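S.K.: This is the structure I want to talk about, given as structure tokens.
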Amino acid sequence: MSIRKWYLIHKWSSLVCTAFLLMLCLTGLPLIFHEEIEHLSGVVEAPIMAENTPNASMDAVADAARKQRPQEVIRFMFWEQDEHPNVTLVSMAKSMDASPDDSNIVLVDSRTAKVLDAPPPDRGFMYVMLKLHIDMFAGLPGMLFLGFMGLLFAVAIISGIVLYHPFMRRLDFGTVRREKQARLKWLDIHNLLGVATLVWALVVGITGTINTLSQIVIMVWQGDQMADMIAPYKGLPPPVKLGSLQDSIDTAKKAVPDMHVSFVAFPGSMFSSPHHYTVFLKGNTPVTSRLLRPALIDAQTAQLTDTREMPWYVKTLLLSQPLHFGDYGGLPLKVIWTLLDLITIVVLGSGLYLWLKRHQHVEQRIQHLQQAHAETL
């Protein structure tokens, strides 16, 4: 392919996605530090108790949440030991099929089964940043659109790599021609910063695109592996009364002893069936802690129905998330992610500036030619 064709690919793929990539970079900055921002905003934490204090029964924890919000049902219970130690987060809503935006969280002390807080739904700054970053308040179509912008970003990066070598043939690496006009100086800065961050930008762009497919991946999993796991219950009426949640969790722990519970989906919720508690467990190593394994537990008898490793497409999604968010290396990695994000903003902004300047330059040349032609007549 000729250099001119690569140039056109780079130009138009960049122009189409730049505005949306700038929005994603800007909204991504506060999201990198969402844990720190939550702590500064005064999130209620569990009181300090003796380190060996045992947890209460999860049935008691569930009952405490139901008393706090008697008109709602529990859909999920999950635990974030790094962010909220000794706290069970109970997700509740008016119905099992309610929108995620219509859910409420009740924070319960895992050791005492006492409600710590039942905050109203967060619709503040961080909520707006998250929604803009995920789907621009447009649901699945918005997610898929941003995924397409991520693909265009990857195309722009790859085409930029192809163009960089012939452009820098006559210049030393990292040269910035400060003595030249502003457009050439910014062109050198654009190329230098783009090459310096290309691996990070490509990884974040591709993993971001994968993350936009999360709802589709979940639907495929539900129609594939999940449907096969719950097949023996097909056609049966849903249970009138549920058995012990704690017994179901204990059964899942015994079935998968080398993992620990991450969250529980209640019967009838999105990640379960009307007949099961689905207990999702994760491993203890840096890699396996990012992967989930479902254990389906009969909601009446607390007996194991099935447990399997997630299929490859779900694993791909789960492993792409820490690479995109940079949340696996503590504060130092978050600072690095922030610096790379800021540099990417400069690359995107300088690319837009260069296009505008080139466009103005072409317009001026056309005007000069038109004036010269008029003077000859």
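Ordering of the structure tokens sets the chain letters (A, B, ...), residue numbers begin anew at 1 in every chain, and ligands are numbered from 1 in the order given.
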For Glu45 (chain A), list every protein, DNA or RNA residue within 12 Å, evaluated using only C-alpha atoms, and leave out those in the same chain fewer than 3 positions away; present the list as a list of chain:residue names.
M.R.: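 Those residues are A:Glu38, A:His39, A:Ser41, A:Gly42, A:Ile48, A:Met49, A:Glu80, A:Gln81, A:Asp82, A:Glu83, A:His84, A:Pro85, A:Asn86, A:Val87, A:Thr88, A:Leu89, A:Leu107, A:Val108, A:Asp109, A:Ser110, A:Val115, A:Leu116, A:Asp117.
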S.K.: Do you know which residues are at most 12 Å from Val240 (chain A) counting only C-alpha atoms, after dropping those on the same chain fewer than 4 positions away, and could you put them as a ChimeraX atom specification?
M.R.: /A:236,267,274-275,299-300
S.K.: Excluding region 62-72 of chain A and any residue of its chain fewer than 6 positions from it, enumerate the residues within 7 Å of it, using only C-alpha atoms, and give them as an NGL selection string.
M.R.: :A and (90 or 92-95 or 106 or 113-115)
S.K.: Could those selected residues go to a file with N, CA and C atoms, as a short mmCIF file (atom, residue, chain, number, x, y, z; two decimals), in the first residue's frame?
M.R.:
```
data_model
loop_
_atom_site.label_atom_id
_atom_site.label_comp_id
_atom_site.auth_asym_id
_atom_site.auth_seq_id
_atom_site.Cartn_x
_atom_site.Cartn_y
_atom_site.Cartn_z
N VAL A 90 -25.04 -4.92 49.38
CA VAL A 90 -26.26 -5.59 48.95
C VAL A 90 -26.95 -4.71 47.92
N MET A 92 -30.09 -3.87 45.68
CA MET A 92 -31.53 -4.10 45.75
C MET A 92 -32.26 -3.24 44.73
N ALA A 93 -33.46 -3.67 44.36
CA ALA A 93 -34.26 -2.92 43.40
C ALA A 93 -35.73 -3.28 43.59
N LYS A 94 -36.60 -2.56 42.90
CA LYS A 94 -38.04 -2.83 43.00
C LYS A 94 -38.40 -4.20 42.45
N SER A 95 -37.64 -4.65 41.46
CA SER A 95 -37.89 -5.97 40.86
C SER A 95 -36.58 -6.56 40.37
N VAL A 106 -27.22 -1.23 49.88
CA VAL A 106 -27.25 -1.22 51.34
C VAL A 106 -25.92 -1.80 51.82
N ALA A 113 -23.85 -8.03 61.01
CA ALA A 113 -25.11 -7.98 60.27
C ALA A 113 -25.91 -6.71 60.58
N LYS A 114 -25.19 -5.64 60.95
CA LYS A 114 -25.84 -4.35 61.18
C LYS A 114 -25.66 -3.45 59.96
N VAL A 115 -26.72 -2.75 59.61
CA VAL A 115 -26.67 -1.85 58.47
C VAL A 115 -25.77 -0.66 58.79
#
```
S.K.: Which one of A:Tyr233, A:Phe325, A:Tyr277, A:Phe20 sits closest to Asp250 (chain A) if you count only C-alpha atoms?
M.R.: A:Tyr277
S.K.: Which residues are close to Leu292 (chain A), i.e. within 8 Å by only C-alpha atoms, leaving aside same-chain residues fewer than 6 positions away? Reply as a list in words.
M.R.: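 Here the answer would be Phe280, Leu281, Lys282, Gly283, Glu309 and Met310 of chain A.
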S.K.: So that I can check the secondary structure, give me every residue of region 199-346 of chain A assigned strand (DSSP E) by backbone DSSP, as a ChimeraX atom specification.
M.R.: /A:260-265,276-282,292-298,304-307
S.K.: Skip Ala196 (chain A) itself and residues of its chain fewer than 2 positions away, then list as a list in words all residues within 12 Å of it, counting only C-alpha atoms.
M.R.: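 Selected residues are Ile157, Ile161, Tyr164, Phe173, Gly174, Ile189, His190, Asn191, Leu192, Leu193, Gly194, Leu198, Val199, Trp200, Ala201, Leu202, Leu340, Ile343, Thr344 and Val347 of chain A.
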S.K.: Kindly save the residues from that selection, with N, CA, C and O atoms included, as a PDB file, in the first residue's frame.
M.R.:
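part21.pdb, freshly written:
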```
ATOM      1  N   ILE A 157      -3.549   4.495  15.178  1.00  0.00           N
ATOM      2  CA  ILE A 157      -2.234   4.231  15.772  1.00  0.00           C
ATOM      3  C   ILE A 157      -1.370   3.398  14.816  1.00  0.00           C
ATOM      4  O   ILE A 157      -0.203   3.721  14.571  1.00  0.00           O
ATOM      5  N   ILE A 161       2.110   4.470  12.894  1.00  0.00           N
ATOM      6  CA  ILE A 161       3.398   3.774  12.980  1.00  0.00           C
ATOM      7  C   ILE A 161       3.996   3.608  11.588  1.00  0.00           C
ATOM      8  O   ILE A 161       5.202   3.808  11.378  1.00  0.00           O
ATOM      9  N   TYR A 164       5.405   6.897  10.387  1.00  0.00           N
ATOM     10  CA  TYR A 164       6.468   7.511  11.174  1.00  0.00           C
ATOM     11  C   TYR A 164       7.852   7.235  10.592  1.00  0.00           C
ATOM     12  O   TYR A 164       8.699   8.120  10.572  1.00  0.00           O
ATOM     13  N   PHE A 173      15.808  10.593  15.912  1.00  0.00           N
ATOM     14  CA  PHE A 173      14.647  10.259  16.730  1.00  0.00           C
ATOM     15  C   PHE A 173      14.471  11.306  17.835  1.00  0.00           C
ATOM     16  O   PHE A 173      15.415  11.681  18.518  1.00  0.00           O
ATOM     17  N   GLY A 174      13.241  11.742  18.024  1.00  0.00           N
ATOM     18  CA  GLY A 174      12.938  12.707  19.076  1.00  0.00           C
ATOM     19  C   GLY A 174      13.186  14.151  18.688  1.00  0.00           C
ATOM     20  O   GLY A 174      13.046  15.050  19.532  1.00  0.00           O
ATOM     21  N   ILE A 189       6.149  17.248  17.833  1.00  0.00           N
ATOM     22  CA  ILE A 189       5.689  16.872  19.170  1.00  0.00           C
ATOM     23  C   ILE A 189       4.621  15.778  19.072  1.00  0.00           C
ATOM     24  O   ILE A 189       4.643  14.793  19.824  1.00  0.00           O
ATOM     25  N   HIS A 190       3.704  15.933  18.141  1.00  0.00           N
ATOM     26  CA  HIS A 190       2.638  14.954  17.922  1.00  0.00           C
ATOM     27  C   HIS A 190       3.225  13.580  17.603  1.00  0.00           C
ATOM     28  O   HIS A 190       2.817  12.558  18.179  1.00  0.00           O
ATOM     29  N   ASN A 191       4.209  13.561  16.689  1.00  0.00           N
ATOM     30  CA  ASN A 191       4.821  12.292  16.298  1.00  0.00           C
ATOM     31  C   ASN A 191       5.625  11.664  17.438  1.00  0.00           C
ATOM     32  O   ASN A 191       5.559  10.452  17.677  1.00  0.00           O
ATOM     33  N   LEU A 192       6.378  12.494  18.158  1.00  0.00           N
ATOM     34  CA  LEU A 192       7.204  11.978  19.249  1.00  0.00           C
ATOM     35  C   LEU A 192       6.350  11.393  20.369  1.00  0.00           C
ATOM     36  O   LEU A 192       6.581  10.265  20.832  1.00  0.00           O
ATOM     37  N   LEU A 193       5.354  12.149  20.825  1.00  0.00           N
ATOM     38  CA  LEU A 193       4.501  11.664  21.909  1.00  0.00           C
ATOM     39  C   LEU A 193       3.670  10.468  21.468  1.00  0.00           C
ATOM     40  O   LEU A 193       3.415   9.541  22.260  1.00  0.00           O
ATOM     41  N   GLY A 194       3.251  10.469  20.211  1.00  0.00           N
ATOM     42  CA  GLY A 194       2.481   9.345  19.698  1.00  0.00           C
ATOM     43  C   GLY A 194       3.283   8.054  19.710  1.00  0.00           C
ATOM     44  O   GLY A 194       2.790   6.997  20.107  1.00  0.00           O
ATOM     45  N   LEU A 198       2.579   4.707  22.083  1.00  0.00           N
ATOM     46  CA  LEU A 198       1.765   3.899  21.169  1.00  0.00           C
ATOM     47  C   LEU A 198       1.376   2.546  21.758  1.00  0.00           C
ATOM     48  O   LEU A 198       0.258   2.068  21.540  1.00  0.00           O
ATOM     49  N   VAL A 199       2.290   1.886  22.504  1.00  0.00           N
ATOM     50  CA  VAL A 199       1.954   0.573  23.070  1.00  0.00           C
ATOM     51  C   VAL A 199       0.830   0.713  24.083  1.00  0.00           C
ATOM     52  O   VAL A 199      -0.157  -0.035  24.055  1.00  0.00           O
ATOM     53  N   TRP A 200       0.966   1.673  24.988  1.00  0.00           N
ATOM     54  CA  TRP A 200      -0.075   1.889  26.003  1.00  0.00           C
ATOM     55  C   TRP A 200      -1.402   2.262  25.340  1.00  0.00           C
ATOM     56  O   TRP A 200      -2.456   1.710  25.678  1.00  0.00           O
ATOM     57  N   ALA A 201      -1.362   3.197  24.381  1.00  0.00           N
ATOM     58  CA  ALA A 201      -2.588   3.644  23.723  1.00  0.00           C
ATOM     59  C   ALA A 201      -3.256   2.499  22.967  1.00  0.00           C
ATOM     60  O   ALA A 201      -4.492   2.373  22.973  1.00  0.00           O
ATOM     61  N   LEU A 202      -2.448   1.653  22.335  1.00  0.00           N
ATOM     62  CA  LEU A 202      -3.014   0.533  21.586  1.00  0.00           C
ATOM     63  C   LEU A 202      -3.661  -0.475  22.535  1.00  0.00           C
ATOM     64  O   LEU A 202      -4.766  -0.970  22.274  1.00  0.00           O
ATOM     65  N   LEU A 340       0.148   8.914  31.222  1.00  0.00           N
ATOM     66  CA  LEU A 340      -0.036   8.441  29.854  1.00  0.00           C
ATOM     67  C   LEU A 340      -1.351   8.946  29.262  1.00  0.00           C
ATOM     68  O   LEU A 340      -1.424   9.266  28.067  1.00  0.00           O
ATOM     69  N   ILE A 343      -0.761  12.569  28.288  1.00  0.00           N
ATOM     70  CA  ILE A 343       0.036  12.641  27.056  1.00  0.00           C
ATOM     71  C   ILE A 343      -0.836  12.314  25.844  1.00  0.00           C
ATOM     72  O   ILE A 343      -0.728  12.960  24.788  1.00  0.00           O
ATOM     73  N   THR A 344      -1.717  11.328  25.988  1.00  0.00           N
ATOM     74  CA  THR A 344      -2.612  10.967  24.890  1.00  0.00           C
ATOM     75  C   THR A 344      -3.547  12.118  24.547  1.00  0.00           C
ATOM     76  O   THR A 344      -3.858  12.353  23.370  1.00  0.00           O
ATOM     77  N   VAL A 347      -1.591  14.341  22.381  1.00  0.00           N
ATOM     78  CA  VAL A 347      -1.475  13.768  21.026  1.00  0.00           C
ATOM     79  C   VAL A 347      -2.753  14.004  20.235  1.00  0.00           C
ATOM     80  O   VAL A 347      -2.713  14.429  19.066  1.00  0.00           O
TER      81      VAL A 347
END
```
S.K.: How far is it from CA of Tyr353 (chain A) to CA of Gly208 (chain A), in Å with one decimal?
M.R.: 25.2 Å
S.K.: Could you give me, as a ChimeraX atom specification, the residues within 8 Å of Leu319 (chain A), counting only C-alpha atoms and dropping anything in the same chain fewer than 5 positions from it?
M.R.: /A:287,290-291
S.K.: Please identify the helix (DSSP H, G or I) residues within region 149-360 of chain A (assignment by DSSP from backbone atoms) and present them as a ChimeraX atom specification.
M.R.: /A:149-167,182-196,198-211,214-229,231-233,245-255,288-290,312-325,330-360
S.K.: Do a neighbour search on region 5-17 of chain A at 9 Å with only C-alpha atoms, toss out local chain neighbours closer than 3 positions, and write the hits as a list in words.
M.R.: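 Neighbouring residues, sequence-local ones excluded: Met1, Ser2, Phe20, Leu21, Leu22, Leu146, Phe148, Met149, Gly150, Leu152, Phe153, Ala154, Val155, Ala156, Ile157, Ile158, Ser159, Gly160, Val162, Leu163, Leu348, Gly351, Leu352 and Trp355 of chain A.
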S.K.: Calculated over only C-alpha atoms, which of the candidates A:Thr53, A:Gln225, A:Thr307, A:Thr316 has the smallest distance to Thr207 (chain A)?
M.R.: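 So, comparing all the options, the nearest one is A:Thr316.
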S.K.: Please indicate the distance in Å from CA of Leu31 (chain A) to CA of Tyr328 (chain A), rounded to one decimal place.
M.R.: 14.0 Å
S.K.: Please determine, counting only C-alpha atoms, which residue among A:Val314, A:Leu213, A:Ile32, A:Leu24 has the shortest atom-to-atom distance to Thr338 (chain A).
M.R.: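 Result for the nearest residue to Thr338 (chain A): A:Ile32.
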S.K.: Using only C-alpha atoms for the distances, tell me which of A:Val256, A:Val261, A:Pro332, A:Trp337 is nearest to Leu304 (chain A).
M.R.: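 Residue with the minimum atom-to-atom distance to Leu304 (chain A): A:Val256.
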S.K.: Smallest atom-to-atom distance to Thr278 (chain A): which of A:Ile37, A:Val220, A:Leu356, A:Ala265, using only C-alpha atoms?
M.R.: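 Closest to Thr278 (chain A) of all the choices is A:Ala265.
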S.K.: Could you check how far CA of Thr209 (chain A) sits from CA of Met143 (chain A), in Å to one decimal?
M.R.: 8.8 Å
S.K.: In terms of the shortest atom-to-atom distance over only C-alpha atoms, which of A:Leu317, A:Leu187, A:Met96, A:Ile134 is closest to Ile206 (chain A)?
M.R.: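 Of A:Leu317, A:Leu187, A:Met96, A:Ile134, the one nearest Ile206 (chain A), counting only C-alpha atoms, is A:Leu317.
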